[in-house]
Amino acid sequence: MSNDRLSALYAPPSELALAKQLDHIDAHAAHFIEQSPFLVLSTSGAQGRCDASPRGEAPGFVVVASPSLLVLPDRPGNNRIDSLKNISVNPCVGLLFFVPGVLETLRVNGRASVTDDPQLLASLAVDGRLPRSALEIRVEEVYFHCGKALKRSRLWEPSAHARAPPVPSLGRILADQTGRISAEDAEARVRHGYETGLY
């Protein structure tokens, strides 16, 4: 669908919706980031193939180094490093920050680079364990997103969670999808990763 057709379908954004976009991390955005234990990192590769990756740990894990620079440590995961490979060829990234119980989210767009600077990684250590690398994100766009999506989804409402049907365990899913491991062995691997591989 063309941009003209899209514009005909939707009303123009309000003046406030446009004015709220900043080109830096202000005090409100910095406070939100410091309270956030979870974000989604969006990247895309050279051919435009997109990837969205969850990142999370204790609030404050993303460092606001300056109004124009964020630092995101890369903690142990599945070692696919899809996001990092994408950034190596296309530095454009989008981050969506969440704070549990808060309906609004914070969107940050910018350009990232991967670093393994020893001094920087040492400052990001947890229990003496350093990340293998970190992202330095040069901030270009920052704005708060209204809470309509989270309100509609009832994401933070426990009563809504109770009604949701349970999903199969990750071990069961991996066994079914790959056919290369039993559900029991997959569950043991998942437990071991959760118990020993967080940092």
# chains A, B, ... in the order shown; residues from 1 in each chain; ligands from 1
call {"tool": "select_by_dssp", "arguments": {"residues": "range 64-186 of chain A", "states": "strand (DSSP E)", "output": "VMD selection string"}}
result
chain A and resid 64 to 66 69 to 74 92 to 98 105 to 115 133 to 145
call {"tool": "residues_around", "arguments": {"residues": "range 6-23 of chain A", "least_positions_apart": "5", "cutoff": "10 Å", "atoms": "only C-alpha atoms", "output": "number ranges by chain"}}
result
A: 1, 29, 67-68, 107-110, 139-146
call {"tool": "write_last_selection", "arguments": {"atoms": "N, CA, C and O atoms", "output": "tab-separated table (two decimals), in the first residue's frame"}}
result
chain	number	residue	atom	x	y	z
A	1	MET	N	0.85	-1.19	0.00
A	1	MET	CA	0.00	0.00	0.00
A	1	MET	C	0.89	1.25	0.00
A	1	MET	O	1.86	1.32	0.74
A	29	ALA	N	13.13	10.42	30.20
A	29	ALA	CA	13.54	9.21	29.50
A	29	ALA	C	14.63	8.47	30.27
A	29	ALA	O	14.61	7.24	30.38
A	67	PRO	N	23.29	12.18	27.30
A	67	PRO	CA	21.99	12.36	26.63
A	67	PRO	C	21.94	11.79	25.21
A	67	PRO	O	20.85	11.59	24.68
A	68	SER	N	23.09	11.52	24.63
A	68	SER	CA	23.12	11.02	23.26
A	68	SER	C	23.70	9.61	23.14
A	68	SER	O	23.87	9.11	22.03
A	107	ARG	N	10.30	4.54	23.41
A	107	ARG	CA	10.93	4.15	22.16
A	107	ARG	C	12.19	4.98	21.93
A	107	ARG	O	12.17	6.20	22.06
A	108	VAL	N	13.26	4.28	21.60
A	108	VAL	CA	14.53	4.94	21.28
A	108	VAL	C	15.04	4.37	19.97
A	108	VAL	O	15.16	3.15	19.82
A	109	ASN	N	15.33	5.23	19.03
A	109	ASN	CA	15.91	4.83	17.76
A	109	ASN	C	17.28	5.49	17.61
A	109	ASN	O	17.51	6.61	18.09
A	110	GLY	N	18.18	4.78	16.96
A	110	GLY	CA	19.51	5.34	16.78
A	110	GLY	C	20.40	4.43	15.98
A	110	GLY	O	19.93	3.56	15.23
A	139	VAL	N	21.98	7.97	20.12
A	139	VAL	CA	20.55	8.26	20.13
A	139	VAL	C	20.19	9.27	19.05
A	139	VAL	O	20.86	10.30	18.90
A	140	GLU	N	19.11	8.97	18.31
A	140	GLU	CA	18.62	9.90	17.28
A	140	GLU	C	17.17	10.33	17.53
A	140	GLU	O	16.82	11.47	17.26
A	141	GLU	N	16.34	9.41	18.01
A	141	GLU	CA	14.93	9.70	18.27
A	141	GLU	C	14.50	9.07	19.58
A	141	GLU	O	14.83	7.90	19.85
A	142	VAL	N	13.78	9.83	20.39
A	142	VAL	CA	13.30	9.35	21.68
A	142	VAL	C	11.88	9.85	21.89
A	142	VAL	O	11.61	11.04	21.72
A	143	TYR	N	10.97	8.93	22.21
A	143	TYR	CA	9.64	9.40	22.59
A	143	TYR	C	8.87	8.33	23.35
A	143	TYR	O	9.08	7.14	23.17
A	144	PHE	N	8.00	8.82	24.23
A	144	PHE	CA	7.13	7.93	25.00
A	144	PHE	C	5.95	7.52	24.14
A	144	PHE	O	5.39	8.33	23.40
A	145	HIS	N	5.59	6.24	24.26
A	145	HIS	CA	4.47	5.68	23.50
A	145	HIS	C	3.30	5.47	24.45
A	145	HIS	O	3.48	4.93	25.55
A	146	CYS	N	2.13	5.89	24.04
A	146	CYS	CA	0.96	5.76	24.90
A	146	CYS	C	0.68	4.30	25.23
A	146	CYS	O	1.15	3.39	24.55
call {"tool": "select_by_dssp", "arguments": {"residues": "chain A", "states": "alpha helix (DSSP H)", "output": "NGL selection string"}}
result
:A and (3-9 or 15-19 or 27-35 or 82-89 or 118-123 or 148-153 or 158-163 or 170-178 or 183-196)
call {"tool": "atom_distance", "arguments": {"atom1": "CA of Gly193 in chain A", "atom2": "CA of Pro54 in chain A"}}
result
16.3 Å
call {"tool": "residues_around", "arguments": {"residues": "Leu121 in chain A", "least_positions_apart": "2", "cutoff": "12 Å", "atoms": "only C-alpha atoms", "output": "list of chain:residue names"}}
result
A:Val63, A:Val71, A:Leu72, A:Pro73, A:Asp74, A:Arg75, A:Val114, A:Thr115, A:Asp116, A:Asp117, A:Pro118, A:Gln119, A:Ser123, A:Leu124, A:Ala125, A:Val126, A:Gly128, A:Arg129, A:Leu130, A:Pro131, A:Arg132, A:Ser133, A:Ala134, A:Leu135, A:Glu136
call {"tool": "residues_around", "arguments": {"residues": "range 163-171 of chain A", "least_positions_apart": "2", "cutoff": "6 Å", "atoms": "only C-alpha atoms", "output": "PDB file with all heavy atoms, in the first residue's frame"}}
result
ATOM      1  N   ALA A 160      -6.003 -11.380  33.987  1.00  0.00           N
ATOM      2  CA  ALA A 160      -5.978 -11.752  32.574  1.00  0.00           C
ATOM      3  C   ALA A 160      -5.025 -12.915  32.344  1.00  0.00           C
ATOM      4  O   ALA A 160      -5.264 -13.774  31.496  1.00  0.00           O
ATOM      5  CB  ALA A 160      -5.570 -10.554  31.717  1.00  0.00           C
ATOM      6  N   HIS A 161      -3.944 -12.974  33.115  1.00  0.00           N
ATOM      7  CA  HIS A 161      -2.981 -14.062  32.970  1.00  0.00           C
ATOM      8  C   HIS A 161      -3.605 -15.386  33.376  1.00  0.00           C
ATOM      9  O   HIS A 161      -3.360 -16.415  32.756  1.00  0.00           O
ATOM     10  CB  HIS A 161      -1.751 -13.824  33.843  1.00  0.00           C
ATOM     11  CG  HIS A 161      -1.096 -12.494  33.603  1.00  0.00           C
ATOM     12  ND1 HIS A 161      -0.141 -11.971  34.432  1.00  0.00           N
ATOM     13  CD2 HIS A 161      -1.268 -11.578  32.626  1.00  0.00           C
ATOM     14  CE1 HIS A 161       0.252 -10.795  33.985  1.00  0.00           C
ATOM     15  NE2 HIS A 161      -0.418 -10.534  32.889  1.00  0.00           N
ATOM     16  N   ILE A 173       8.770 -27.904  23.273  1.00  0.00           N
ATOM     17  CA  ILE A 173       8.758 -27.237  21.975  1.00  0.00           C
ATOM     18  C   ILE A 173      10.005 -27.582  21.171  1.00  0.00           C
ATOM     19  O   ILE A 173       9.934 -27.919  19.981  1.00  0.00           O
ATOM     20  CB  ILE A 173       8.622 -25.714  22.154  1.00  0.00           C
ATOM     21  CG1 ILE A 173       7.240 -25.368  22.730  1.00  0.00           C
ATOM     22  CG2 ILE A 173       8.853 -24.976  20.841  1.00  0.00           C
ATOM     23  CD1 ILE A 173       7.091 -23.922  23.167  1.00  0.00           C
ATOM     24  N   LEU A 174      11.175 -27.513  21.816  1.00  0.00           N
ATOM     25  CA  LEU A 174      12.427 -27.821  21.118  1.00  0.00           C
ATOM     26  C   LEU A 174      12.457 -29.265  20.630  1.00  0.00           C
ATOM     27  O   LEU A 174      12.916 -29.558  19.525  1.00  0.00           O
ATOM     28  CB  LEU A 174      13.617 -27.552  22.030  1.00  0.00           C
ATOM     29  CG  LEU A 174      13.887 -26.083  22.373  1.00  0.00           C
ATOM     30  CD1 LEU A 174      14.995 -25.971  23.407  1.00  0.00           C
ATOM     31  CD2 LEU A 174      14.233 -25.294  21.121  1.00  0.00           C
ATOM     32  N   ALA A 183      12.324 -34.491  25.045  1.00  0.00           N
ATOM     33  CA  ALA A 183      11.809 -33.376  25.842  1.00  0.00           C
ATOM     34  C   ALA A 183      12.508 -33.316  27.187  1.00  0.00           C
ATOM     35  O   ALA A 183      12.810 -32.229  27.693  1.00  0.00           O
ATOM     36  CB  ALA A 183      10.301 -33.516  26.024  1.00  0.00           C
ATOM     37  N   ALA A 186      15.984 -31.867  26.687  1.00  0.00           N
ATOM     38  CA  ALA A 186      15.854 -30.440  26.378  1.00  0.00           C
ATOM     39  C   ALA A 186      15.518 -29.645  27.622  1.00  0.00           C
ATOM     40  O   ALA A 186      16.070 -28.561  27.844  1.00  0.00           O
ATOM     41  CB  ALA A 186      14.794 -30.230  25.301  1.00  0.00           C
ATOM     42  N   GLU A 187      14.612 -30.174  28.445  1.00  0.00           N
ATOM     43  CA  GLU A 187      14.262 -29.491  29.692  1.00  0.00           C
ATOM     44  C   GLU A 187      15.484 -29.364  30.598  1.00  0.00           C
ATOM     45  O   GLU A 187      15.693 -28.329  31.241  1.00  0.00           O
ATOM     46  CB  GLU A 187      13.153 -30.250  30.425  1.00  0.00           C
ATOM     47  CG  GLU A 187      11.792 -30.161  29.783  1.00  0.00           C
ATOM     48  CD  GLU A 187      11.177 -28.776  29.878  1.00  0.00           C
ATOM     49  OE1 GLU A 187      11.798 -27.857  30.446  1.00  0.00           O
ATOM     50  OE2 GLU A 187      10.066 -28.613  29.357  1.00  0.00           O
TER      51      GLU A 187
END
call {"tool": "residues_around", "arguments": {"residues": "Val93 in chain A", "least_positions_apart": "3", "cutoff": "9 Å", "atoms": "only C-alpha atoms", "output": "list in words"}}
result
Leu41, Ser42, Thr43, Ser44, Ile87, Asn90, Val108, Asn109, Gly110, Arg111, Ala112 and Ile137 of chain A
call {"tool": "write_last_selection", "arguments": {"atoms": "all heavy atoms", "output": "PDB file, in the first residue's frame"}}
result
ATOM      1  N   LEU A  41      15.002  -5.212  21.415  1.00  0.00           N
ATOM      2  CA  LEU A  41      15.967  -4.606  20.500  1.00  0.00           C
ATOM      3  C   LEU A  41      15.638  -5.045  19.083  1.00  0.00           C
ATOM      4  O   LEU A  41      15.600  -6.240  18.780  1.00  0.00           O
ATOM      5  CB  LEU A  41      17.389  -5.052  20.870  1.00  0.00           C
ATOM      6  CG  LEU A  41      18.505  -4.715  19.875  1.00  0.00           C
ATOM      7  CD1 LEU A  41      18.734  -3.212  19.800  1.00  0.00           C
ATOM      8  CD2 LEU A  41      19.788  -5.446  20.260  1.00  0.00           C
ATOM      9  N   SER A  42      15.404  -4.080  18.195  1.00  0.00           N
ATOM     10  CA  SER A  42      15.086  -4.380  16.805  1.00  0.00           C
ATOM     11  C   SER A  42      16.250  -3.991  15.912  1.00  0.00           C
ATOM     12  O   SER A  42      16.814  -2.900  16.044  1.00  0.00           O
ATOM     13  CB  SER A  42      13.834  -3.619  16.364  1.00  0.00           C
ATOM     14  OG  SER A  42      12.709  -4.041  17.118  1.00  0.00           O
ATOM     15  N   THR A  43      16.592  -4.912  14.991  1.00  0.00           N
ATOM     16  CA  THR A  43      17.674  -4.679  14.042  1.00  0.00           C
ATOM     17  C   THR A  43      17.241  -5.219  12.681  1.00  0.00           C
ATOM     18  O   THR A  43      16.250  -5.934  12.569  1.00  0.00           O
ATOM     19  CB  THR A  43      18.968  -5.401  14.476  1.00  0.00           C
ATOM     20  OG1 THR A  43      18.728  -6.827  14.516  1.00  0.00           O
ATOM     21  CG2 THR A  43      19.431  -4.925  15.845  1.00  0.00           C
ATOM     22  N   SER A  44      18.020  -4.898  11.657  1.00  0.00           N
ATOM     23  CA  SER A  44      17.797  -5.504  10.348  1.00  0.00           C
ATOM     24  C   SER A  44      19.138  -5.644   9.641  1.00  0.00           C
ATOM     25  O   SER A  44      20.056  -4.860   9.854  1.00  0.00           O
ATOM     26  CB  SER A  44      16.819  -4.689   9.503  1.00  0.00           C
ATOM     27  OG  SER A  44      17.334  -3.402   9.229  1.00  0.00           O
ATOM     28  N   ILE A  87      23.835  -5.562  13.153  1.00  0.00           N
ATOM     29  CA  ILE A  87      24.397  -4.244  13.441  1.00  0.00           C
ATOM     30  C   ILE A  87      25.740  -4.053  12.742  1.00  0.00           C
ATOM     31  O   ILE A  87      26.089  -2.935  12.350  1.00  0.00           O
ATOM     32  CB  ILE A  87      24.512  -4.048  14.968  1.00  0.00           C
ATOM     33  CG1 ILE A  87      23.114  -3.879  15.565  1.00  0.00           C
ATOM     34  CG2 ILE A  87      25.404  -2.869  15.322  1.00  0.00           C
ATOM     35  CD1 ILE A  87      23.055  -3.981  17.070  1.00  0.00           C
ATOM     36  N   ASN A  90      24.383  -3.055   9.346  1.00  0.00           N
ATOM     37  CA  ASN A  90      23.360  -2.008   9.340  1.00  0.00           C
ATOM     38  C   ASN A  90      23.211  -1.493  10.777  1.00  0.00           C
ATOM     39  O   ASN A  90      22.599  -2.165  11.607  1.00  0.00           O
ATOM     40  CB  ASN A  90      22.027  -2.558   8.826  1.00  0.00           C
ATOM     41  CG  ASN A  90      20.934  -1.502   8.821  1.00  0.00           C
ATOM     42  OD1 ASN A  90      21.138  -0.349   9.192  1.00  0.00           O
ATOM     43  ND2 ASN A  90      19.739  -1.903   8.425  1.00  0.00           N
ATOM     44  N   VAL A 108      13.260   4.284  21.596  1.00  0.00           N
ATOM     45  CA  VAL A 108      14.531   4.944  21.281  1.00  0.00           C
ATOM     46  C   VAL A 108      15.041   4.366  19.970  1.00  0.00           C
ATOM     47  O   VAL A 108      15.158   3.145  19.818  1.00  0.00           O
ATOM     48  CB  VAL A 108      15.581   4.728  22.388  1.00  0.00           C
ATOM     49  CG1 VAL A 108      16.917   5.364  21.988  1.00  0.00           C
ATOM     50  CG2 VAL A 108      15.098   5.287  23.723  1.00  0.00           C
ATOM     51  N   ASN A 109      15.328   5.235  19.025  1.00  0.00           N
ATOM     52  CA  ASN A 109      15.911   4.830  17.757  1.00  0.00           C
ATOM     53  C   ASN A 109      17.282   5.485  17.608  1.00  0.00           C
ATOM     54  O   ASN A 109      17.506   6.606  18.089  1.00  0.00           O
ATOM     55  CB  ASN A 109      15.023   5.256  16.584  1.00  0.00           C
ATOM     56  CG  ASN A 109      13.650   4.616  16.649  1.00  0.00           C
ATOM     57  OD1 ASN A 109      13.519   3.439  16.982  1.00  0.00           O
ATOM     58  ND2 ASN A 109      12.623   5.383  16.333  1.00  0.00           N
ATOM     59  N   GLY A 110      18.179   4.777  16.960  1.00  0.00           N
ATOM     60  CA  GLY A 110      19.505   5.339  16.777  1.00  0.00           C
ATOM     61  C   GLY A 110      20.398   4.429  15.980  1.00  0.00           C
ATOM     62  O   GLY A 110      19.928   3.557  15.235  1.00  0.00           O
ATOM     63  N   ARG A 111      21.691   4.618  16.150  1.00  0.00           N
ATOM     64  CA  ARG A 111      22.694   3.830  15.430  1.00  0.00           C
ATOM     65  C   ARG A 111      23.629   3.193  16.450  1.00  0.00           C
ATOM     66  O   ARG A 111      24.149   3.875  17.340  1.00  0.00           O
ATOM     67  CB  ARG A 111      23.476   4.703  14.448  1.00  0.00           C
ATOM     68  CG  ARG A 111      22.600   5.232  13.318  1.00  0.00           C
ATOM     69  CD  ARG A 111      23.355   6.135  12.368  1.00  0.00           C
ATOM     70  NE  ARG A 111      22.462   6.616  11.322  1.00  0.00           N
ATOM     71  CZ  ARG A 111      22.294   5.997  10.158  1.00  0.00           C
ATOM     72  NH1 ARG A 111      22.992   4.898   9.892  1.00  0.00           N
ATOM     73  NH2 ARG A 111      21.453   6.467   9.253  1.00  0.00           N
ATOM     74  N   ALA A 112      23.828   1.891  16.300  1.00  0.00           N
ATOM     75  CA  ALA A 112      24.604   1.136  17.276  1.00  0.00           C
ATOM     76  C   ALA A 112      25.906   0.626  16.674  1.00  0.00           C
ATOM     77  O   ALA A 112      26.021   0.422  15.464  1.00  0.00           O
ATOM     78  CB  ALA A 112      23.789  -0.043  17.796  1.00  0.00           C
ATOM     79  N   ILE A 137      24.996   2.845  21.649  1.00  0.00           N
ATOM     80  CA  ILE A 137      23.884   3.293  20.822  1.00  0.00           C
ATOM     81  C   ILE A 137      23.836   4.814  20.802  1.00  0.00           C
ATOM     82  O   ILE A 137      23.613   5.458  21.836  1.00  0.00           O
ATOM     83  CB  ILE A 137      22.551   2.716  21.344  1.00  0.00           C
ATOM     84  CG1 ILE A 137      22.618   1.184  21.306  1.00  0.00           C
ATOM     85  CG2 ILE A 137      21.380   3.240  20.522  1.00  0.00           C
ATOM     86  CD1 ILE A 137      21.642   0.509  22.223  1.00  0.00           C
TER      87      ILE A 137
END
call {"tool": "residues_around", "arguments": {"residues": "Asp185 in chain A", "least_positions_apart": "6", "cutoff": "10 Å", "atoms": "only C-alpha atoms", "output": "list in words"}}
result
Gly171, Arg172, Ala175 and Arg191 of chain A
call {"tool": "closest_residue", "arguments": {"among": "A:Val99, A:Ala122, A:Leu155, A:Leu69", "to": "Arg138 in chain A", "atoms": "only C-alpha atoms"}}
result
A:Leu69
call {"tool": "closest_atom_pairs", "arguments": {"of": "range 46-76 of chain A", "to": "range 80-86 of chain A", "cutoff": "8 Å", "atoms": "only C-alpha atoms", "output": "tab-separated table"}}
result
residue	atom	partner	partner_atom	distance
A:Ala46	CA	A:Asn86	CA	7.1
A:Asp51	CA	A:Ser83	CA	6.8
A:Ala52	CA	A:Ser83	CA	7.9
A:Ser53	CA	A:Ser83	CA	7.2
call {"tool": "atom_distance", "arguments": {"atom1": "CA of Asn78 in chain A", "atom2": "CA of Tyr199 in chain A"}}
result
12.5 Å
call {"tool": "atom_distance", "arguments": {"atom1": "CA of Phe38 in chain A", "atom2": "CA of Val102 in chain A"}}
result
12.2 Å
call {"tool": "residues_around", "arguments": {"residues": "Trp156 in chain A", "least_positions_apart": "6", "cutoff": "10 Å", "atoms": "only C-alpha atoms", "output": "PyMOL selection string"}}
result
chain A and resi 100-103+150
call {"tool": "closest_residue", "arguments": {"among": "A:Pro158, A:Ser66, A:Ser36, A:Val190", "to": "Leu95 in chain A", "atoms": "only C-alpha atoms"}}
result
A:Ser36
